[in-house]
Amino acid sequence: MTEIAITGGIGSGKTTVAKLLVDKGVVLVDADQIVKDLQKPGGEVFNRIVEIYGNEILLDDGELDRQKIAEIVFNDENELSKLNDIVHPAVGEEMGIRRKEAIKQGNVVLVDIPLMVTPEGELGRDEYKLFDGIVVVDCEIETAVSRLVHQRGFDEKDARARIAKQATPSQRREFADFLIDNNGSEENLSKQIEKCWEWVDSLSGKK
């Protein structure tokens, strides 16, 4: 069994790369999806967030207003720390459970960890060193800003603020066992996916 991680900054196109690798046959464990699942109404994480921020961070359907929460925490280090103290331990525990389940399903497990590298340029957890390899999806900051604004409807100021809170591209590249440059065309990305899959296959062959 081979277990690799994939990471990249917001707007890098990491999710697209992960989906293309799933098409190749990997079993995906997605940290972003885990966060969304844990924040569904009725769960412990949901209840603790509402307890802190009140009903004003709820949408009409009772779901969390993720945009409103982001506006609160990305402009206040203390608020971000409070939210992370709620979410991160729960996500880590659930990710461990899903990784074990994924390992039973296939020979190659891909773990999607957006914040794998901290703003200080370090791995967020010691256990990240145990992966067989790390794929970093890389793009220029201006490319990421453009994607967030034109494809995901972000305000440009908000997009830049979120990027500034994360590790820099160069910090992530320090940890790349396989680097995917996602600044270019779909054709170029497709070629890189093929090379990445060959690399993943070589890791499996070493076991």
# chains A, B, ... in the order shown; residues from 1 in each chain; ligands from 1
>>> select_by_dssp(residues="chain A", states="helix (DSSP H, G or I)", output="PyMOL selection string")
chain A and resi 14-24+31-38+44-53+55-57+66-73+77-103+126-130+141-152+156-164+169-173+186-205
>>> residues_around(residues="Arg160 in chain A", least_positions_apart="3", cutoff="9 Å", atoms="only C-alpha atoms", output="VMD selection string")
chain A and resid 141 144 to 145 155 to 157 163 to 165
>>> write_last_selection(atoms="N, CA and C atoms", output="PDB file, in the first residue's frame")
ATOM      1  N   ILE A 141       0.976  33.516  -7.340  1.00  0.00           N
ATOM      2  CA  ILE A 141      -0.060  34.142  -6.524  1.00  0.00           C
ATOM      3  C   ILE A 141      -1.091  34.865  -7.392  1.00  0.00           C
ATOM      4  N   ALA A 144      -3.523  32.431  -8.776  1.00  0.00           N
ATOM      5  CA  ALA A 144      -4.467  31.989  -7.752  1.00  0.00           C
ATOM      6  C   ALA A 144      -5.530  33.052  -7.488  1.00  0.00           C
ATOM      7  N   VAL A 145      -5.112  34.309  -7.402  1.00  0.00           N
ATOM      8  CA  VAL A 145      -6.065  35.402  -7.172  1.00  0.00           C
ATOM      9  C   VAL A 145      -7.087  35.464  -8.305  1.00  0.00           C
ATOM     10  N   ASP A 155     -14.119  38.282  -3.575  1.00  0.00           N
ATOM     11  CA  ASP A 155     -13.652  39.657  -3.662  1.00  0.00           C
ATOM     12  C   ASP A 155     -12.130  39.613  -3.712  1.00  0.00           C
ATOM     13  N   GLU A 156     -11.508  40.445  -4.538  1.00  0.00           N
ATOM     14  CA  GLU A 156     -10.049  40.370  -4.704  1.00  0.00           C
ATOM     15  C   GLU A 156      -9.312  40.604  -3.392  1.00  0.00           C
ATOM     16  N   LYS A 157      -9.770  41.549  -2.594  1.00  0.00           N
ATOM     17  CA  LYS A 157      -9.120  41.832  -1.312  1.00  0.00           C
ATOM     18  C   LYS A 157      -9.188  40.619  -0.396  1.00  0.00           C
ATOM     19  N   ILE A 163      -4.823  34.182   0.879  1.00  0.00           N
ATOM     20  CA  ILE A 163      -3.529  33.676   0.393  1.00  0.00           C
ATOM     21  C   ILE A 163      -2.413  34.086   1.337  1.00  0.00           C
ATOM     22  N   ALA A 164      -2.486  35.313   1.838  1.00  0.00           N
ATOM     23  CA  ALA A 164      -1.443  35.836   2.728  1.00  0.00           C
ATOM     24  C   ALA A 164      -1.380  35.090   4.058  1.00  0.00           C
ATOM     25  N   LYS A 165      -2.481  34.455   4.448  1.00  0.00           N
ATOM     26  CA  LYS A 165      -2.520  33.721   5.717  1.00  0.00           C
ATOM     27  C   LYS A 165      -1.911  32.325   5.593  1.00  0.00           C
TER      28      LYS A 165
END
>>> closest_atom_pairs(of="range 33-152 of chain A", to="range 184-200 of chain A", cutoff="10 Å", atoms="only C-alpha atoms", output="CSV")
residue,atom,partner,partner_atom,distance
A:Val108,CA,A:Val200,CA,8.1
A:Asp132,CA,A:Val200,CA,9.2
A:Gly133,CA,A:Val200,CA,8.3
A:Val135,CA,A:Cys196,CA,8.4
A:Cys139,CA,A:Gly184,CA,8.9
A:Thr143,CA,A:Gly184,CA,9.6
>>> atom_distance(atom1="CA of Leu28 in chain A", atom2="CA of Leu110 in chain A")
4.8 Å
>>> atom_distance(atom1="CA of Ala31 in chain A", atom2="CA of Ala18 in chain A")
11.9 Å
>>> closest_residue(among="A:Pro41, A:Asn84, A:Val26, A:Lys100", to="Leu59 in chain A", atoms="only C-alpha atoms")
A:Pro41
>>> select_by_dssp(residues="range 2-131 of chain A", states="strand (DSSP E)", output="VMD selection string")
chain A and resid 2 to 8 27 to 30 108 to 112
>>> decode(residues="range 81-110 of chain A", atoms="N, CA and C atoms", output="PDB file, in the first residue's frame")
ATOM      1  N   SER A  81      -7.555  31.461  15.789  1.00  0.00           N
ATOM      2  CA  SER A  81      -7.013  30.482  16.732  1.00  0.00           C
ATOM      3  C   SER A  81      -8.130  29.736  17.445  1.00  0.00           C
ATOM      4  N   LYS A  82      -9.179  30.458  17.844  1.00  0.00           N
ATOM      5  CA  LYS A  82     -10.312  29.822  18.527  1.00  0.00           C
ATOM      6  C   LYS A  82     -11.005  28.809  17.613  1.00  0.00           C
ATOM      7  N   LEU A  83     -11.180  29.201  16.352  1.00  0.00           N
ATOM      8  CA  LEU A  83     -11.833  28.298  15.410  1.00  0.00           C
ATOM      9  C   LEU A  83     -10.968  27.073  15.152  1.00  0.00           C
ATOM     10  N   ASN A  84      -9.666  27.289  14.977  1.00  0.00           N
ATOM     11  CA  ASN A  84      -8.756  26.167  14.731  1.00  0.00           C
ATOM     12  C   ASN A  84      -8.731  25.189  15.897  1.00  0.00           C
ATOM     13  N   ASP A  85      -8.830  25.704  17.119  1.00  0.00           N
ATOM     14  CA  ASP A  85      -8.831  24.845  18.300  1.00  0.00           C
ATOM     15  C   ASP A  85     -10.049  23.920  18.324  1.00  0.00           C
ATOM     16  N   ILE A  86     -11.116  24.343  17.691  1.00  0.00           N
ATOM     17  CA  ILE A  86     -12.319  23.508  17.600  1.00  0.00           C
ATOM     18  C   ILE A  86     -12.201  22.510  16.451  1.00  0.00           C
ATOM     19  N   VAL A  87     -11.795  23.027  15.292  1.00  0.00           N
ATOM     20  CA  VAL A  87     -11.876  22.236  14.061  1.00  0.00           C
ATOM     21  C   VAL A  87     -10.713  21.265  13.885  1.00  0.00           C
ATOM     22  N   HIS A  88      -9.484  21.717  14.105  1.00  0.00           N
ATOM     23  CA  HIS A  88      -8.315  20.912  13.754  1.00  0.00           C
ATOM     24  C   HIS A  88      -8.231  19.562  14.474  1.00  0.00           C
ATOM     25  N   PRO A  89      -8.447  19.499  15.808  1.00  0.00           N
ATOM     26  CA  PRO A  89      -8.378  18.177  16.461  1.00  0.00           C
ATOM     27  C   PRO A  89      -9.424  17.208  15.923  1.00  0.00           C
ATOM     28  N   ALA A  90     -10.627  17.716  15.677  1.00  0.00           N
ATOM     29  CA  ALA A  90     -11.701  16.862  15.172  1.00  0.00           C
ATOM     30  C   ALA A  90     -11.389  16.366  13.763  1.00  0.00           C
ATOM     31  N   VAL A  91     -10.835  17.251  12.944  1.00  0.00           N
ATOM     32  CA  VAL A  91     -10.474  16.866  11.580  1.00  0.00           C
ATOM     33  C   VAL A  91      -9.358  15.827  11.592  1.00  0.00           C
ATOM     34  N   GLY A  92      -8.355  16.032  12.460  1.00  0.00           N
ATOM     35  CA  GLY A  92      -7.252  15.081  12.548  1.00  0.00           C
ATOM     36  C   GLY A  92      -7.724  13.690  12.935  1.00  0.00           C
ATOM     37  N   GLU A  93      -8.642  13.637  13.892  1.00  0.00           N
ATOM     38  CA  GLU A  93      -9.172  12.343  14.340  1.00  0.00           C
ATOM     39  C   GLU A  93      -9.974  11.660  13.235  1.00  0.00           C
ATOM     40  N   GLU A  94     -10.842  12.431  12.576  1.00  0.00           N
ATOM     41  CA  GLU A  94     -11.673  11.863  11.514  1.00  0.00           C
ATOM     42  C   GLU A  94     -10.828  11.457  10.307  1.00  0.00           C
ATOM     43  N   MET A  95      -9.794  12.234  10.021  1.00  0.00           N
ATOM     44  CA  MET A  95      -8.921  11.900   8.898  1.00  0.00           C
ATOM     45  C   MET A  95      -8.227  10.561   9.136  1.00  0.00           C
ATOM     46  N   GLY A  96      -7.800  10.333  10.383  1.00  0.00           N
ATOM     47  CA  GLY A  96      -7.171   9.057  10.713  1.00  0.00           C
ATOM     48  C   GLY A  96      -8.101   7.889  10.466  1.00  0.00           C
ATOM     49  N   ILE A  97      -9.365   8.074  10.824  1.00  0.00           N
ATOM     50  CA  ILE A  97     -10.369   7.025  10.614  1.00  0.00           C
ATOM     51  C   ILE A  97     -10.563   6.756   9.125  1.00  0.00           C
ATOM     52  N   ARG A  98     -10.694   7.822   8.348  1.00  0.00           N
ATOM     53  CA  ARG A  98     -10.952   7.666   6.910  1.00  0.00           C
ATOM     54  C   ARG A  98      -9.730   7.137   6.169  1.00  0.00           C
ATOM     55  N   ARG A  99      -8.535   7.495   6.643  1.00  0.00           N
ATOM     56  CA  ARG A  99      -7.329   6.951   6.014  1.00  0.00           C
ATOM     57  C   ARG A  99      -7.280   5.442   6.185  1.00  0.00           C
ATOM     58  N   LYS A 100      -7.624   4.956   7.374  1.00  0.00           N
ATOM     59  CA  LYS A 100      -7.629   3.510   7.616  1.00  0.00           C
ATOM     60  C   LYS A 100      -8.652   2.821   6.721  1.00  0.00           C
ATOM     61  N   GLU A 101      -9.812   3.460   6.548  1.00  0.00           N
ATOM     62  CA  GLU A 101     -10.847   2.886   5.683  1.00  0.00           C
ATOM     63  C   GLU A 101     -10.384   2.865   4.227  1.00  0.00           C
ATOM     64  N   ALA A 102      -9.713   3.947   3.803  1.00  0.00           N
ATOM     65  CA  ALA A 102      -9.254   4.044   2.416  1.00  0.00           C
ATOM     66  C   ALA A 102      -8.181   3.014   2.101  1.00  0.00           C
ATOM     67  N   ILE A 103      -7.305   2.770   3.077  1.00  0.00           N
ATOM     68  CA  ILE A 103      -6.235   1.795   2.895  1.00  0.00           C
ATOM     69  C   ILE A 103      -6.796   0.417   2.567  1.00  0.00           C
ATOM     70  N   LYS A 104      -7.985   0.114   3.117  1.00  0.00           N
ATOM     71  CA  LYS A 104      -8.616  -1.181   2.869  1.00  0.00           C
ATOM     72  C   LYS A 104      -9.175  -1.284   1.449  1.00  0.00           C
ATOM     73  N   GLN A 105      -9.362  -0.112   0.793  1.00  0.00           N
ATOM     74  CA  GLN A 105     -10.032  -0.098  -0.512  1.00  0.00           C
ATOM     75  C   GLN A 105      -9.080  -0.200  -1.699  1.00  0.00           C
ATOM     76  N   GLY A 106      -7.836   0.208  -1.516  1.00  0.00           N
ATOM     77  CA  GLY A 106      -6.953   0.210  -2.680  1.00  0.00           C
ATOM     78  C   GLY A 106      -5.494   0.277  -2.316  1.00  0.00           C
ATOM     79  N   ASN A 107      -4.657   0.157  -3.325  1.00  0.00           N
ATOM     80  CA  ASN A 107      -3.215   0.135  -3.109  1.00  0.00           C
ATOM     81  C   ASN A 107      -2.599   1.519  -2.976  1.00  0.00           C
ATOM     82  N   VAL A 108      -3.280   2.546  -3.508  1.00  0.00           N
ATOM     83  CA  VAL A 108      -2.742   3.901  -3.442  1.00  0.00           C
ATOM     84  C   VAL A 108      -3.780   4.829  -2.805  1.00  0.00           C
ATOM     85  N   VAL A 109      -3.411   5.437  -1.690  1.00  0.00           N
ATOM     86  CA  VAL A 109      -4.291   6.375  -0.991  1.00  0.00           C
ATOM     87  C   VAL A 109      -3.708   7.777  -1.141  1.00  0.00           C
ATOM     88  N   LEU A 110      -4.550   8.720  -1.550  1.00  0.00           N
ATOM     89  CA  LEU A 110      -4.155  10.122  -1.702  1.00  0.00           C
ATOM     90  C   LEU A 110      -4.867  10.934  -0.631  1.00  0.00           C
TER      91      LEU A 110
END
